[in-house]
>>> print(open('work.cif').read())   # mmCIF, C-alpha atoms
data_input
#
loop_
_atom_site.label_atom_id
_atom_site.label_comp_id
_atom_site.auth_asym_id
_atom_site.auth_seq_id
_atom_site.Cartn_x
_atom_site.Cartn_y
_atom_site.Cartn_z
CA MET A 48 -20.62 -134.30 -39.04
CA ASN A 49 -18.81 -137.57 -39.79
CA THR A 50 -19.80 -141.05 -38.64
CA LYS A 51 -17.26 -141.09 -35.82
CA GLU A 52 -18.66 -137.89 -34.30
CA THR A 53 -22.17 -139.30 -34.47
CA LEU A 54 -21.33 -142.71 -33.07
CA LYS A 55 -19.13 -141.62 -30.17
CA PRO A 56 -21.91 -140.07 -28.02
CA VAL A 57 -24.19 -143.05 -28.69
CA LEU A 58 -21.55 -145.60 -27.75
CA PHE A 59 -20.41 -143.56 -24.75
CA MET A 60 -23.97 -143.28 -23.45
CA ALA A 61 -24.55 -147.00 -24.00
CA VAL A 62 -21.41 -147.89 -22.02
CA VAL A 63 -22.18 -145.47 -19.16
CA ALA A 64 -25.81 -146.71 -18.99
CA ALA A 65 -24.63 -150.34 -18.95
CA VAL A 66 -22.08 -149.71 -16.19
CA PHE A 67 -24.42 -147.79 -13.90
CA THR A 68 -27.43 -150.02 -14.54
CA GLY A 69 -25.21 -153.00 -13.77
CA ALA A 70 -24.03 -151.39 -10.54
CA VAL A 71 -27.60 -150.65 -9.42
CA ALA A 72 -28.68 -154.17 -10.36
CA GLY A 73 -25.77 -155.56 -8.35
CA VAL A 74 -26.77 -153.60 -5.22
CA HIS A 75 -30.39 -154.68 -5.74
CA MET A 76 -29.43 -158.36 -6.06
CA ALA A 77 -27.20 -158.16 -3.00
CA THR A 78 -29.94 -156.68 -0.80
CA ARG A 79 -33.20 -158.02 -2.25
CA GLY A 80 -33.41 -160.90 0.22
CA ARG A 81 -33.06 -158.53 3.14
CA VAL A 82 -35.58 -156.05 1.68
CA ALA A 83 -38.16 -158.82 1.14
CA LEU A 84 -37.56 -160.14 4.65
CA ASN A 85 -37.95 -156.64 6.14
CA ARG A 86 -41.34 -156.22 4.44
CA LYS A 87 -42.51 -159.64 5.57
CA LEU A 88 -41.28 -159.20 9.13
CA ALA A 89 -42.86 -155.76 9.42
CA GLU A 90 -46.27 -157.18 8.57
CA THR A 91 -45.78 -160.34 10.62
CA GLY A 92 -44.84 -158.28 13.68
CA VAL A 93 -47.94 -156.11 13.28
CA VAL A 94 -50.27 -159.14 13.07
CA LEU A 95 -48.81 -160.61 16.26
CA ALA A 96 -48.90 -157.26 18.06
CA VAL A 97 -52.49 -156.49 17.05
CA LEU A 98 -53.55 -159.92 18.37
CA GLY A 99 -51.74 -159.20 21.64
CA LEU A 100 -49.35 -162.12 21.20
CA GLU A 101 -45.95 -161.59 22.75
CA ALA A 102 -43.56 -162.34 19.91
CA PRO A 103 -39.78 -162.81 19.87
CA PRO A 104 -37.77 -159.75 18.70
CA ALA A 105 -38.02 -158.96 14.99
CA GLU A 106 -34.22 -159.27 14.64
CA ASP A 107 -34.56 -163.02 15.10
CA ALA A 108 -36.39 -163.61 11.82
CA THR A 109 -36.52 -167.41 12.03
CA ALA A 110 -37.89 -167.44 15.58
CA LEU A 111 -40.48 -164.84 14.60
CA GLU A 112 -41.64 -166.88 11.61
CA HIS A 113 -41.88 -170.05 13.69
CA PHE A 114 -43.82 -168.22 16.38
CA TYR A 115 -46.19 -166.81 13.75
CA ALA A 116 -46.78 -170.21 12.16
CA ALA A 117 -47.53 -171.75 15.57
CA HIS A 118 -49.90 -169.02 16.75
CA VAL A 119 -51.70 -167.60 13.71
CA VAL A 120 -53.88 -169.51 11.25
CA LYS A 121 -56.00 -168.43 8.30
CA THR A 122 -59.72 -168.97 8.78
CA ALA A 123 -62.21 -169.70 6.00
CA MET A 124 -63.58 -166.15 6.40
CA ASP A 125 -62.55 -163.50 3.89
CA VAL A 126 -63.11 -159.73 4.04
CA ARG A 127 -61.95 -158.84 0.55
CA LEU A 128 -63.43 -155.60 -0.85
CA PRO A 129 -64.22 -155.23 -4.58
CA GLU A 130 -61.18 -152.94 -5.01
CA ASP A 131 -58.75 -155.39 -3.35
CA ASP A 132 -56.33 -157.22 -5.64
CA ALA A 133 -55.98 -160.33 -3.52
CA PRO A 134 -58.01 -162.36 -1.02
CA ASN A 135 -57.98 -160.91 2.49
CA PRO A 136 -58.44 -163.81 4.89
CA VAL A 137 -59.43 -163.32 8.50
CA LEU A 138 -56.64 -164.61 10.72
CA ALA A 139 -57.22 -166.33 14.03
CA GLY A 140 -54.69 -165.93 16.82
CA TYR A 141 -54.07 -168.66 19.38
CA ASP A 142 -52.13 -168.61 22.61
CA VAL A 143 -51.05 -171.58 24.69
CA ARG A 144 -52.38 -171.44 28.24
CA ASP A 145 -51.98 -174.36 30.64
CA GLY A 146 -50.97 -176.56 27.72
CA GLU A 147 -54.12 -175.77 25.70
CA ARG A 148 -54.52 -173.66 22.59
CA VAL A 149 -56.85 -170.80 23.32
CA LEU A 150 -58.38 -168.52 20.72
CA VAL A 151 -57.33 -164.96 21.60
CA GLY A 152 -58.92 -163.12 18.71
CA TYR A 153 -59.35 -162.45 15.01
CA ALA A 154 -57.39 -160.04 12.86
CA PHE A 155 -57.56 -158.87 9.27
CA ARG A 156 -55.82 -156.40 7.05
CA VAL A 157 -57.46 -153.02 6.39
CA GLY A 158 -56.30 -150.28 4.10
CA GLY A 159 -57.17 -147.62 1.60
CA ARG A 160 -56.27 -144.22 0.29
CA GLY A 161 -55.29 -141.76 3.01
CA PHE A 162 -54.81 -138.00 2.65
CA TRP A 163 -51.34 -138.25 1.08
CA ASP A 164 -50.77 -141.92 0.34
CA GLU A 165 -51.99 -145.46 0.92
CA ILE A 166 -52.63 -146.48 4.52
CA ALA A 167 -52.48 -150.14 5.58
CA GLY A 168 -52.82 -151.86 8.90
CA TYR A 169 -54.57 -154.58 10.88
CA VAL A 170 -57.58 -154.49 13.15
CA SER A 171 -58.24 -157.24 15.67
CA PHE A 172 -61.31 -158.46 17.56
CA GLU A 173 -61.90 -160.47 20.67
CA PRO A 174 -63.11 -164.08 20.09
CA ASP A 175 -66.73 -162.82 20.24
CA GLY A 176 -66.12 -161.18 16.84
CA ARG A 177 -67.73 -157.94 18.03
CA THR A 178 -65.41 -156.29 20.51
CA VAL A 179 -62.46 -154.44 19.03
CA LYS A 180 -59.18 -155.60 20.49
CA ASP A 181 -56.67 -153.29 18.77
CA VAL A 182 -55.81 -151.48 15.57
CA ARG A 183 -52.31 -150.91 14.19
CA PHE A 184 -51.18 -149.20 11.01
CA PHE A 185 -47.85 -150.27 9.54
CA LYS A 186 -47.91 -148.25 6.32
CA GLN A 187 -48.80 -144.58 6.15
CA ASN A 188 -47.41 -141.30 4.89
CA GLU A 189 -49.80 -138.90 6.58
CA THR A 190 -48.70 -135.50 7.93
CA PRO A 191 -46.34 -135.98 10.89
CA GLY A 192 -47.91 -134.67 14.07
CA LEU A 193 -51.39 -134.72 12.54
CA GLY A 194 -52.62 -137.58 10.36
CA ALA A 195 -49.60 -139.68 11.34
CA ARG A 196 -51.05 -139.83 14.85
CA ILE A 197 -53.11 -142.83 13.65
CA THR A 198 -50.06 -144.87 14.70
CA THR A 199 -49.93 -143.46 18.25
CA GLN A 200 -50.98 -145.18 21.43
CA SER A 201 -53.59 -142.52 22.24
CA PHE A 202 -55.37 -142.99 18.89
CA ARG A 203 -55.31 -146.77 19.23
CA GLU A 204 -56.55 -146.75 22.82
CA ALA A 205 -59.89 -145.25 21.79
CA PHE A 206 -60.56 -148.45 19.80
CA HIS A 207 -59.93 -150.85 22.67
CA GLY A 208 -63.15 -152.48 23.87
CA ARG A 209 -65.45 -150.76 21.36
CA VAL A 210 -68.37 -153.02 20.46
CA LEU A 211 -69.82 -153.16 16.97
CA PRO A 212 -73.62 -152.80 16.75
CA ASP A 213 -75.75 -155.53 15.09
CA GLU A 214 -76.41 -153.52 11.94
CA PRO A 215 -74.48 -150.70 10.27
CA THR A 216 -76.02 -147.22 9.98
CA ASP A 217 -75.36 -145.86 6.49
CA GLY A 218 -72.52 -148.36 6.15
CA VAL A 219 -70.94 -147.29 9.44
CA LEU A 220 -70.33 -149.64 12.35
CA LEU A 221 -67.70 -147.59 14.15
CA GLU A 222 -68.34 -143.85 14.24
CA PHE A 223 -65.60 -141.22 14.53
CA VAL A 224 -66.42 -138.36 16.91
CA PRO A 225 -64.39 -135.25 17.82
CA GLU A 226 -61.57 -135.61 20.34
CA GLY A 227 -62.57 -134.81 23.89
CA ARG A 228 -66.14 -136.04 23.54
CA GLU A 229 -67.14 -138.97 25.74
CA LEU A 230 -67.23 -142.13 23.67
CA GLY A 231 -70.29 -144.28 23.09
CA PRO A 232 -69.89 -148.07 22.87
CA SER A 233 -69.27 -147.99 19.12
CA GLU A 234 -67.47 -144.65 18.80
CA VAL A 235 -63.81 -143.72 18.53
CA HIS A 236 -62.01 -140.39 18.47
CA ALA A 237 -61.13 -138.67 15.19
CA ILE A 238 -57.89 -136.66 15.09
CA THR A 239 -58.22 -132.92 15.57
CA GLY A 240 -56.48 -131.10 12.72
CA ALA A 241 -56.41 -134.23 10.53
CA THR A 242 -59.94 -134.24 9.19
CA GLN A 243 -59.04 -135.78 5.84
CA THR A 244 -57.03 -138.64 7.36
CA SER A 245 -59.76 -139.33 9.94
CA ARG A 246 -62.38 -139.33 7.17
CA ALA A 247 -60.32 -141.69 4.99
CA VAL A 248 -59.71 -144.13 7.85
CA ARG A 249 -63.40 -144.02 8.83
CA VAL A 250 -64.48 -144.90 5.27
CA PHE A 251 -62.14 -147.81 4.57
CA LEU A 252 -62.21 -149.19 8.10
CA ASN A 253 -66.00 -149.36 8.16
CA ALA A 254 -66.09 -151.00 4.72
CA TYR A 255 -63.94 -153.83 6.08
CA LEU A 256 -65.85 -154.00 9.36
CA VAL A 257 -69.15 -154.50 7.49
CA GLU A 258 -67.57 -157.35 5.49
CA PHE A 259 -66.15 -158.83 8.68
CA ARG A 260 -69.51 -158.80 10.43
CA LYS A 261 -71.14 -160.51 7.43
CA ALA A 262 -68.41 -163.17 7.39
CA MET A 263 -68.64 -163.59 11.15
CA ALA A 264 -72.45 -163.98 11.04
CA ALA A 265 -72.13 -166.66 8.36
CA HIS A 266 -69.42 -168.39 10.37
CA GLU A 267 -71.56 -168.35 13.54
CA SER A 268 -74.65 -169.72 11.80
CA THR A 269 -72.59 -172.49 10.17
CA ALA A 270 -71.09 -173.45 13.52
CA LEU A 271 -74.53 -173.51 15.14
CA ALA A 272 -75.98 -175.62 12.31
CA GLN A 273 -73.20 -178.13 12.87
CA GLY A 274 -74.12 -178.32 16.54
CA GLY A 275 -71.03 -176.54 17.80
CA THR A 276 -70.53 -173.22 19.46
CA PRO A 277 -70.06 -170.15 17.28
CA MET B 169 -1.46 -122.43 15.79
CA SER B 170 -2.71 -119.24 14.20
CA GLU B 171 -0.12 -119.65 11.41
CA THR B 172 -1.36 -123.18 10.74
CA LEU B 173 -4.92 -121.90 10.65
CA ARG B 174 -3.91 -119.07 8.32
CA ARG B 175 -2.20 -121.55 5.98
CA LEU B 176 -5.22 -123.85 6.13
CA LYS B 177 -7.47 -120.99 5.14
CA LEU B 178 -5.33 -120.41 2.07
CA THR B 179 -5.73 -123.97 0.81
CA ARG B 180 -8.11 -124.67 -2.05
CA GLY B 181 -9.87 -127.37 -0.02
CA TYR B 182 -10.75 -124.92 2.76
CA GLN B 183 -11.97 -122.29 0.34
CA VAL B 184 -14.12 -124.77 -1.56
CA PHE B 185 -15.51 -126.15 1.69
CA ARG B 186 -16.28 -122.71 3.12
CA ALA B 187 -17.96 -121.67 -0.11
CA GLY B 188 -20.23 -124.72 -0.04
CA VAL B 189 -21.14 -124.45 3.61
CA TRP B 190 -21.46 -120.70 3.98
CA ASP B 191 -20.50 -118.22 1.24
CA GLU B 192 -22.50 -120.01 -1.46
CA ASN B 193 -24.76 -122.04 0.81
CA PRO B 194 -27.23 -123.84 -1.48
CA VAL B 195 -30.28 -123.01 0.62
CA PHE B 196 -29.91 -119.55 2.11
CA ARG B 197 -27.60 -118.08 -0.55
CA GLN B 198 -28.75 -119.79 -3.74
CA VAL B 199 -32.24 -120.76 -2.54
CA LEU B 200 -31.96 -124.21 -4.13
CA GLY B 201 -33.40 -127.53 -2.91
CA ILE B 202 -36.40 -125.78 -1.43
CA CYS B 203 -38.92 -128.57 -2.25
CA SER B 204 -37.24 -131.04 0.09
CA THR B 205 -36.51 -128.28 2.61
CA LEU B 206 -40.25 -127.71 2.91
CA ALA B 207 -41.28 -131.36 2.65
CA VAL B 208 -39.16 -133.34 5.09
CA THR B 209 -38.35 -130.88 7.84
CA ASN B 210 -41.30 -131.62 10.12
CA LEU B 211 -39.39 -134.53 11.72
CA LEU B 212 -35.71 -134.43 12.69
CA THR B 213 -35.14 -138.16 12.07
CA ASN B 214 -36.41 -137.94 8.49
CA THR B 215 -34.41 -134.76 7.93
CA VAL B 216 -31.14 -136.30 9.12
CA VAL B 217 -31.61 -139.38 6.91
CA MET B 218 -32.55 -137.21 3.94
CA CYS B 219 -29.45 -135.04 4.51
CA ALA B 220 -27.18 -138.10 4.76
CA GLY B 221 -28.64 -139.42 1.50
CA LEU B 222 -28.14 -136.08 -0.21
CA ILE B 223 -24.51 -135.75 0.98
CA PHE B 224 -23.81 -139.28 -0.32
CA VAL B 225 -25.37 -138.60 -3.72
CA LEU B 226 -23.83 -135.13 -4.02
CA ALA B 227 -20.31 -136.32 -3.13
CA PHE B 228 -20.31 -139.41 -5.33
CA SER B 229 -22.02 -137.80 -8.31
CA ASN B 230 -19.53 -134.92 -8.16
CA VAL B 231 -16.60 -137.36 -8.02
CA THR B 232 -17.96 -139.44 -10.92
CA VAL B 233 -18.81 -136.46 -13.11
CA SER B 234 -15.38 -134.98 -12.42
CA ALA B 235 -13.57 -138.25 -13.18
CA LEU B 236 -15.40 -138.61 -16.49
CA ARG B 237 -15.26 -134.93 -17.47
CA ALA B 238 -12.46 -135.34 -20.01
CA HIS B 239 -14.23 -138.20 -21.80
CA VAL B 240 -17.90 -137.17 -21.87
CA PRO B 241 -18.96 -135.77 -25.26
CA ARG B 242 -20.14 -132.22 -24.60
CA ARG B 243 -23.50 -132.65 -26.33
CA ILE B 244 -24.63 -135.47 -24.01
CA ARG B 245 -22.99 -134.34 -20.77
CA MET B 246 -26.23 -133.45 -19.00
CA ILE B 247 -27.89 -136.76 -19.87
CA VAL B 248 -24.84 -138.53 -18.49
CA GLN B 249 -24.99 -136.43 -15.31
CA VAL B 250 -28.67 -137.26 -14.78
CA LEU B 251 -27.95 -140.96 -15.29
CA ILE B 252 -25.12 -140.88 -12.74
CA ILE B 253 -27.22 -139.00 -10.17
CA ALA B 254 -30.20 -141.32 -10.70
CA ALA B 255 -28.03 -144.40 -10.18
CA TYR B 256 -26.70 -143.11 -6.85
CA VAL B 257 -30.18 -142.09 -5.68
CA ILE B 258 -31.54 -145.57 -6.43
CA VAL B 259 -28.63 -147.07 -4.49
CA VAL B 260 -29.54 -144.85 -1.50
CA LYS B 261 -33.18 -145.94 -1.77
CA ILE B 262 -32.24 -149.64 -1.90
CA LEU B 263 -29.88 -149.29 1.08
CA LEU B 264 -32.58 -147.53 3.12
CA ASP B 265 -35.11 -150.25 2.24
CA ALA B 266 -32.59 -152.86 3.36
CA TYR B 267 -31.17 -151.32 6.53
CA LEU B 268 -33.59 -148.57 7.67
CA PRO B 269 -36.97 -149.82 6.40
CA GLU B 270 -39.09 -147.73 8.78
CA VAL B 271 -37.38 -144.47 7.86
CA SER B 272 -37.54 -145.42 4.19
CA GLU B 273 -41.29 -145.96 4.54
CA GLN B 274 -41.74 -142.57 6.20
CA LEU B 275 -39.64 -140.70 3.65
CA GLY B 276 -41.68 -142.29 0.86
CA ALA B 277 -41.19 -140.61 -2.48
CA TYR B 278 -38.81 -137.94 -1.19
CA VAL B 279 -35.71 -140.14 -1.44
CA GLY B 280 -36.44 -140.80 -5.11
CA LEU B 281 -36.97 -137.10 -5.59
CA ILE B 282 -33.35 -136.39 -4.61
CA ILE B 283 -32.79 -136.92 -8.35
CA THR B 284 -34.63 -133.68 -9.04
CA ASN B 285 -32.83 -131.69 -6.33
CA CYS B 286 -31.39 -128.69 -8.15
CA ILE B 287 -28.32 -128.61 -5.88
CA ILE B 288 -26.96 -131.91 -7.23
CA MET B 289 -27.34 -131.07 -10.90
CA GLY B 290 -26.12 -127.54 -10.18
CA ARG B 291 -22.89 -128.74 -8.54
CA ALA B 292 -22.29 -131.43 -11.18
CA GLU B 293 -22.64 -128.96 -14.03
CA GLY B 294 -21.31 -125.85 -12.26
CA PHE B 295 -18.31 -127.35 -10.45
CA ALA B 296 -17.53 -131.03 -10.98
CA ALA B 297 -17.69 -130.88 -14.80
CA SER B 298 -14.77 -128.42 -14.83
CA ASN B 299 -12.71 -129.28 -11.73
CA PRO B 300 -10.48 -132.17 -10.59
CA VAL B 301 -11.80 -135.04 -8.49
CA GLY B 302 -10.44 -133.89 -5.10
CA PRO B 303 -11.98 -130.40 -5.03
CA SER B 304 -15.19 -131.84 -6.53
CA LEU B 305 -15.48 -134.28 -3.64
CA VAL B 306 -14.91 -131.45 -1.15
CA ASP B 307 -17.46 -129.29 -2.98
CA GLY B 308 -20.05 -132.08 -2.93
CA VAL B 309 -19.59 -132.78 0.78
CA ALA B 310 -19.51 -129.05 1.62
CA CYS B 311 -22.69 -128.23 -0.28
CA GLY B 312 -24.36 -131.25 1.30
CA VAL B 313 -23.27 -130.13 4.77
CA GLY B 314 -24.41 -126.56 4.04
CA TYR B 315 -27.81 -127.87 2.96
CA SER B 316 -27.97 -130.17 6.00
CA ILE B 317 -27.19 -127.45 8.55
CA VAL B 318 -30.09 -125.34 7.31
CA LEU B 319 -32.51 -128.28 7.09
CA ILE B 320 -31.66 -129.60 10.54
CA ALA B 321 -32.05 -126.11 12.04
CA ILE B 322 -35.49 -125.80 10.42
CA ALA B 323 -36.50 -129.32 11.48
CA PHE B 324 -35.39 -128.62 15.06
CA VAL B 325 -37.68 -125.61 15.30
CA ARG B 326 -40.61 -127.25 13.48
CA GLU B 327 -40.63 -130.53 15.40
CA LEU B 328 -40.08 -128.86 18.77
CA THR B 329 -42.77 -126.22 18.37
CA GLY B 330 -45.15 -128.32 16.28
CA GLN B 331 -45.11 -131.50 18.34
CA GLY B 332 -43.06 -130.75 21.46
CA THR B 333 -40.66 -133.57 20.50
CA LEU B 334 -37.09 -133.96 19.21
CA PHE B 335 -36.22 -137.12 17.26
CA GLY B 336 -39.66 -138.39 18.34
CA ALA B 337 -38.89 -138.11 22.09
CA GLN B 338 -41.16 -135.87 24.16
CA VAL B 339 -39.18 -132.80 25.24
CA LEU B 340 -41.84 -130.24 26.07
CA GLY B 341 -44.45 -131.40 28.55
CA GLY B 342 -48.20 -131.49 28.24
CA TRP B 343 -48.29 -127.76 29.03
CA TRP B 344 -46.98 -126.98 25.54
CA PRO B 345 -49.81 -126.19 23.09
CA ALA B 346 -48.43 -127.88 19.97
CA TRP B 347 -48.35 -125.33 17.16
CA THR B 348 -50.08 -127.36 14.46
CA ILE B 349 -49.18 -124.88 11.75
CA MET B 350 -45.47 -125.64 12.27
CA VAL B 351 -45.83 -129.21 11.00
CA MET B 352 -47.91 -128.03 8.06
CA PRO B 353 -46.25 -126.68 4.87
CA PRO B 354 -46.81 -122.99 5.84
CA GLY B 355 -44.71 -123.56 8.98
CA ALA B 356 -41.77 -124.54 6.78
CA PHE B 357 -42.08 -121.29 4.83
CA PHE B 358 -42.06 -119.21 8.02
CA VAL B 359 -39.00 -120.95 9.48
CA LEU B 360 -37.12 -121.02 6.17
CA ALA B 361 -37.70 -117.29 5.70
CA ALA B 362 -36.51 -116.63 9.26
CA VAL B 363 -33.37 -118.77 8.72
CA ILE B 364 -32.54 -116.98 5.44
CA TRP B 365 -33.05 -113.61 7.11
CA LEU B 366 -30.89 -114.51 10.11
CA ALA B 367 -28.12 -116.03 7.99
CA ARG B 368 -27.97 -113.11 5.58
CA ARG B 369 -28.17 -110.59 8.39
CA HIS B 370 -25.23 -112.29 10.10
CA ALA B 371 -23.19 -112.78 6.91
CA GLY B 372 -24.09 -109.48 5.27
CA SER B 373 -25.69 -109.16 1.86
CA ASP B 374 -23.67 -109.71 -1.31
CA GLU B 375 -26.09 -107.72 -3.38
CA PRO B 376 -24.92 -104.24 -4.42
CA ALA B 377 -26.81 -101.51 -2.59
CA GLY B 378 -29.15 -99.22 -4.48
CA LYS B 379 -29.88 -101.66 -7.31
CA ASN B 380 -33.17 -103.35 -8.05
#
>>> encode(input="work.cif", output="structure tokens")
Amino acid sequence: MNTKETLKPVLFMAVVAAVFTGAVAGVHMATRGRVALNRKLAETGVVLAVLGLEAPPAEDATALEHFYAAHVVKTAMDVRLPEDDAPNPVLAGYDVRDGERVLVGYAFRVGGRGFWDEIAGYVSFEPDGRTVKDVRFFKQNETPGLGARITTQSFREAFHGRVLPDEPTDGVLLEFVPEGRELGPSEVHAITGATQTSRAVRVFLNAYLVEFRKAMAAHESTALAQGGTP
Amino acid sequence: MSETLRRLKLTRGYQVFRAGVWDENPVFRQVLGICSTLAVTNLLTNTVVMCAGLIFVLAFSNVTVSALRAHVPRRIRMIVQVLIIAAYVIVVKILLDAYLPEVSEQLGAYVGLIITNCIIMGRAEGFAASNPVGPSLVDGVACGVGYSIVLIAIAFVRELTGQGTLFGAQVLGGWWPAWTIMVMPPGAFFVLAAVIWLARRHAGSDEPAGKN
């Protein structure tokens, strides 16, 4: 085999790789702004929805960002778990009623390993820091029709108005019970046929709820010590 | 009209297209691309997007492989084919992230796994590497359409019986006891087997009788 026969495949492969890599890089560069914006808007929309704030349509990105900045602020509370890579601040949502800013609730990101893939979402509380307002998952790859029902209205409705007890029992503040059973004040329905997804959500959700209650208790005692209302 | 149709049937384009869609259908004749057939067919929306992505990749990779066939050194032809297919798949993934982010999120890893779909490599190596660009494009589209018809038929049955919905919209009322097994992997096996049986029964078997 002479040098030409050896070099030709190498050079050909190098040229083809350069051309196709360049083409892919070009498409990536052309769309990366839109992809980043999509990811940001998806999460922004979920935060506003979980706090019950009526936001402008997601297509109007600038209006949505302005609305978010005017209605959602980071609090000093953080519910980061040891396995989290970044801080996980508790967000406070405000609405404007009769010209005054009114606290409508708190929200924070929750997430963990589901049955098939990572699950991420937000849970929100009423201003009392105890009553669940809503829960919404924006990232999941669970089985359609089964585990994926964590994103449905019927699954979410079971969370509305649940009240967390003072102390967790075995690390659990919100218990998952079989569908059809009447719910206690701190119970929600698991999903029939999606035991693994229900179990995964129960574990990571309660881990965050315990952290949230600790942060909330500290926040309340600080506010009281300063002579304000919690 | 019948003369025009008869002439059309004699063209190479028609024959290549018919082979891809029916006579050599990738799924029920060659039993290729089964992983994605089983994985994404529990929702029609995901199935349609997956099929569109596959047709795009199949058509363009066939065209590219065919256009380069005279220049690619034989020893590295398969590496080149994989590179071409991978590039088109990544483009599909990026476009989905940019313009259909929710569907992209739901399809997860399956879009990336189009790279490993045996149909694409099979058509690149088995057809495009030895045929001109035009027929290769037709072959790519036809095989993609043949794959899509089967997948959409399976997804239709699975979503309707498993969830009572079509494209996420409730079709069957609350009276329908959703057949959970249809959205689970075993449901895909049952429906796929039924589709293969029906298609082969209708088309007749190519296999010589009396041979094992």
>>> resolve_selection(input="work.cif", expression="the PyMOL selection byres ((chain A and resi 231-238) around 6)", output="VMD selection string")
chain A and resid 205 to 206 209 to 211 221 to 226 230 239 241 245
>>> closest_residue(input="work.cif", among="B:Arg326, B:Arg175, B:Arg369, B:Arg291", to="Gln198 in chain B", atoms="all atoms listed in the file")
B:Arg291
>>> resolve_selection(input="work.cif", expression="the PyMOL selection byres ((chain B) within 7 of (chain A))", output="number ranges by chain")
B: 210, 241, 244, 248, 255, 259, 262, 265-266, 269, 274, 331, 351
>>> residues_near_point(input="work.cif", point="(-56.8, -168.3, 11.5)", cutoff="10 Å", atoms="all atoms listed in the file", output="ChimeraX atom specification")
/A:118-124,136-141,150,152-155
>>> resolve_selection(input="work.cif", expression="the PyMOL selection byres ((chain A and resi 253) around 10)", output="number ranges by chain")
A: 157, 215, 218-222, 248-252, 254-259
>>> closest_residue(input="work.cif", among="A:Leu100, A:Val93, A:Ala133, A:Ala61", to="Val149 in chain A", atoms="all atoms listed in the file")
A:Leu100
>>> atom_distance(input="work.cif", atom1="CA of Ala110 in chain A", atom2="CA of Leu95 in chain A")
12.9 Å
>>> atom_distance(input="work.cif", atom1="CA of Thr199 in chain A", atom2="CA of Gly332 in chain B")
14.8 Å
>>> atom_distance(input="work.cif", atom1="CA of Ala254 in chain B", atom2="CA of Arg197 in chain B")
25.5 Å
>>> closest_residue(input="work.cif", among="A:Arg148, A:His207, A:Arg127, A:Lys180", to="Lys261 in chain A", atoms="all atoms listed in the file")
A:Arg127
>>> residues_around(input="work.cif", residues="Val359 in chain B", least_positions_apart="3", cutoff="8 Å", atoms="only C-alpha atoms", output="list in words")
Ile322, Val325, Arg326, Gly355, Ala356, Ala362 and Val363 of chain B
>>> write_last_selection(input="work.cif", atoms="C-alpha atoms", output="CSV table (one decimal), in the coordinates of the input")
chain,number,residue,atom,x,y,z
B,322,ILE,CA,-35.5,-125.8,10.4
B,325,VAL,CA,-37.7,-125.6,15.3
B,326,ARG,CA,-40.6,-127.2,13.5
B,355,GLY,CA,-44.7,-123.6,9.0
B,356,ALA,CA,-41.8,-124.5,6.8
B,362,ALA,CA,-36.5,-116.6,9.3
B,363,VAL,CA,-33.4,-118.8,8.7
>>> closest_residue(input="work.cif", among="B:Leu222, B:Val306, B:Ala371, B:Leu334", to="Cys286 in chain B", atoms="only C-alpha atoms")
B:Leu222
>>> residues_near_point(input="work.cif", point="(-42.4, -127.6, 10.4)", cutoff="9 Å", atoms="all atoms listed in the file", output="JSON, numbers by chain")
{"B": [206, 207, 208, 209, 210, 211, 322, 323, 324, 325, 326, 327, 328, 329, 330, 348, 349, 350, 351, 352, 353, 354, 355, 356, 357, 358, 359]}
>>> write_last_selection(input="work.cif", atoms="C-alpha atoms", output="CSV table (one decimal), keeping the file's coordinate frame")
chain,number,residue,atom,x,y,z
B,206,LEU,CA,-40.2,-127.7,2.9
B,207,ALA,CA,-41.3,-131.4,2.6
B,208,VAL,CA,-39.2,-133.3,5.1
B,209,THR,CA,-38.4,-130.9,7.8
B,210,ASN,CA,-41.3,-131.6,10.1
B,211,LEU,CA,-39.4,-134.5,11.7
B,322,ILE,CA,-35.5,-125.8,10.4
B,323,ALA,CA,-36.5,-129.3,11.5
B,324,PHE,CA,-35.4,-128.6,15.1
B,325,VAL,CA,-37.7,-125.6,15.3
B,326,ARG,CA,-40.6,-127.2,13.5
B,327,GLU,CA,-40.6,-130.5,15.4
B,328,LEU,CA,-40.1,-128.9,18.8
B,329,THR,CA,-42.8,-126.2,18.4
B,330,GLY,CA,-45.2,-128.3,16.3
B,348,THR,CA,-50.1,-127.4,14.5
B,349,ILE,CA,-49.2,-124.9,11.8
B,350,MET,CA,-45.5,-125.6,12.3
B,351,VAL,CA,-45.8,-129.2,11.0
B,352,MET,CA,-47.9,-128.0,8.1
B,353,PRO,CA,-46.2,-126.7,4.9
B,354,PRO,CA,-46.8,-123.0,5.8
B,355,GLY,CA,-44.7,-123.6,9.0
B,356,ALA,CA,-41.8,-124.5,6.8
B,357,PHE,CA,-42.1,-121.3,4.8
B,358,PHE,CA,-42.1,-119.2,8.0
B,359,VAL,CA,-39.0,-121.0,9.5
